[in-house]
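A short write-up of the structure that comes next.
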2 protein chains.
Amino acid sequence: MTTKTGGGQVPAGYDPSRFPAFAVTVDVVILTMSGGRLHVLLVRRGVAPYKGMWAIPGGFKRPTETLGEAAKRELAQETGVDSASLLTQFGAYGDPGRDPRMNVVTVAYLAVIREVGAVVAGTDAAEAALIPVSEALNEQIELAFDHAQIVRDAVERVRADLDLTGIATAFVGPTFTLAELRTVYEAVWGVQLDGANFRRSVVTVDGWVIPTGRRARPGAPGGKPAELYRAGRMWKYSSPIRRSQPNERRKADS
Amino acid sequence: MTTKTGGGQVPAGYDPSRFPAFAVTVDVVILTMSGGRLHVLLVRRGVAPYKGMWAIPGGFKRPTETLGEAAKRELAQETGVDSASLLTQFGAYGDPGRDPRMNVVTVAYLAVIREVGAVVAGTDAAEAALIPVSEALNEQIELAFDHAQIVRDAVERVRADLDLTGIATAFVGPTFTLAELRTVYEAVWGVQLDGANFRRSVVTVDGWVIPTGRRARPGAPGGKPAELYRAGRMWKYSSPIRRSQPNERRKADS
DNA sequence: AGGGTAACAGTCGTGACGACCAAAACCGGA
DNA sequence: TCCGGTTTTGGTCGTCACGACTGTTACCCT
């Protein structure tokens, strides 16, 4: 903040009430994996403007709380999740007219939660749903306000974070198989990864995933039961998997 | 933004005036290279609070402008630079009490400009100076408000951007030698890069730097004159140089 | 003219990574 | 119980990126 040091306006000891008033809100883009696809939690607006349209959850920031606390509160209200399940601020939006009623600046947060069937439990009357991001962004669904842009930015952020932090572990449960973890990368990046190579990259990094003794029950088609891992302490510092360039050069055409 | 969909408060058709009022400001962390070191532009506050302390430039957002426009305006006011010399939003800060006078939420921008001696020209009476970030953050200088944290975050952001975009070219002039460009990486990352390897990495990437025919005049100690390059179009998509792990293994100690 | 310095060119060895193959371990059905 | 299908897991191999290092070119200054 700070007052202009020079520049003329608001010189010395200005009146604290002589500034444009804004409403400050916090919006949370809640992402999760479901059925191998990336989903975003949207709620249907019950009031004007944009009544009946889908939007991301959010609300006013209170003067007594920090931005992060406000985001945490909104997340808990909407999903019941109150753990520190990864809440990252990724942008602020304040275009004039983005809210037709008044001047609103919103600070956007990205929340990653693991697949939960009871996500909508925390919400009351208003409709809420997990929508695949591919549908939410492909003009199939028109989002309220500038929320389409906000969701786009959130997805871009998680894509970037995926190869420089271990944010992928936030998508899966406290214990997971390597195949589960792999689907996170594949869904978010839209690529196909080799299971064996993925395993090697992840396991060789010390302190990233820790094998529990147990094994997961194979699914319907059978297969060798996979070992269950839990996230190590290195997950927030580095990523074992790096997104390669589009890397066109399949040897297939030979 | 959006009103809470449920949750009780502010139900249907609420009064637009029933929300906590905030002041919204935009602060700009202006970084540049000077003498092989990373510098930040600070201004000395002329009014209370924190009168006489150093702070980063900033000011109120106007309801008729976007956040980016406000940042651009502040940057121009402070430096005279009005070109699109890289202006990136990187954070919002709204802790209660961060401004003792009122509720202020600030949106922080990072601006990278090339070394200019006349940076302070745009400013009037108020004192302004380029301070090495190492001094500005090492408790040598106490910054006003939470500006120390904001500068720390800005530096962290530019460090990260350096190996996934070509932000380094924003530090140098429209035409530059590879050694110049290399000092940017070395100063921001605090590492030492081999000139020959750096050259290979940068030049082999197609469309990143484009050789002009001309050559730079060698400095005082002589040496072969370096070729002058200009930034290609790929600079905003990828980086030819990646920051390796701390990578301890210098053979120097032998 | 010669020493110093910096840009530029090339070599070499290590290691990371993707493509690929094969064994192990489980499923379901015949 | 045997067998094909499926998934995990372990291993090999070739390519290539990259750091370390050496040598050459072209300018400075004295």
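Naming scheme: A, B, ... for chains in displayed order of the structure tokens; residues 1 onward per chain; ligands 1 onward as shown.
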**Request:** Return as a list in words the residues belonging to chain D that are within 7 Å of chain B, counting only C-alpha atoms (C1' of nucleotides).
**Result:** DA26, DC27 and DC28 of chain D
Residues of chain C that approach chain A to 10 Å or less, counting only C-alpha atoms (C1' of nucleotides): could you list each one with the shortest pair of atoms and its distance in Å to one decimal, rows by chain and increasing residue number, as CSV?
```
residue,atom,partner,partner_atom,distance
C:DA16,C1',A:Ser201,CA,9.6
C:DC17,C1',A:Asn197,CA,8.1
C:DG18,C1',A:Asn197,CA,7.7
C:DA19,C1',A:Asp194,CA,9.0
C:DA24,C1',A:Lys224,CA,7.6
C:DA25,C1',A:Lys224,CA,4.4
C:DC26,C1',A:Lys224,CA,4.7
C:DC27,C1',A:Gly222,CA,3.8
C:DG28,C1',A:Pro221,CA,7.9
```
Would you mind exporting C-alpha atoms (C1' of nucleotides) of the selected residues as a short mmCIF file (atom, residue, chain, number, x, y, z; two decimals), in the first residue's frame?
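Saved as again_32.cif:
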```
data_model
loop_
_atom_site.label_atom_id
_atom_site.label_comp_id
_atom_site.auth_asym_id
_atom_site.auth_seq_id
_atom_site.Cartn_x
_atom_site.Cartn_y
_atom_site.Cartn_z
"C1'" DA C 16 18.75 -38.56 -16.51
"C1'" DC C 17 15.02 -40.12 -19.11
"C1'" DG C 18 11.96 -42.38 -22.51
"C1'" DA C 19 11.02 -46.66 -25.06
"C1'" DA C 24 5.43 -61.49 -10.86
"C1'" DA C 25 0.96 -61.53 -8.84
"C1'" DC C 26 -3.76 -61.28 -8.93
"C1'" DC C 27 -8.55 -61.68 -11.25
"C1'" DG C 28 -12.36 -64.11 -13.65
#
```
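For the set B:Trp54, B:Tyr237, B:Phe90, B:Phe198, the residue with the smallest atom-to-atom gap to chain A is B:Phe90, counting only C-alpha atoms.
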**Message:** Please list as a ChimeraX atom specification every residue within 10 Å of DT11 in chain C, counting only C-alpha atoms (C1' of nucleotides) and excluding residues in the same chain fewer than 2 positions away.
**Reply:** /C:9,13 /D:21-22
**Prompt:** Met234 in chain A: which residues within 7 Å, counting only C-alpha atoms (C1' of nucleotides), same-chain residues fewer than 4 positions away excluded, as an MDAnalysis selection string?
**Reply:** chainID A and resid 207:208 238
**Request:** Identify all residues of range 76-187 of chain A in alpha helix (DSSP H) (DSSP on the backbone) and supply them as a ChimeraX atom specification.
**Result:** /A:76-79,133-137,147-162,178-187
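Of the residues in range 13-77 of chain A, those given strand (DSSP E or B) by DSSP on the backbone are Ala21, Phe22, Ala23, Val24, Thr25, Val26, Asp27, Val28, Val29, Ile30, Leu31, Thr32, Met33, Ser34, Arg37, Leu38, His39, Val40, Leu41, Leu42, Val43, Arg44, Trp54, Ala55, Gly58, Gly59 and Phe60 of chain A.
Residue nearest Ile167 in chain A within the list A:Arg182, A:Asp99, A:Leu86, A:Gln149: A:Leu86 [criterion: smallest interatomic distance, only C-alpha atoms].
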**Asked** Counting only C-alpha atoms, which of B:Gly166, B:Thr175, B:Gly190, B:Leu181 gets nearest to Ile210 in chain B?
**Response** B:Thr175
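Taking CA of Val188 in chain A and CA of Ala168 in chain A as the two end points, the separation is 9.3 Å.
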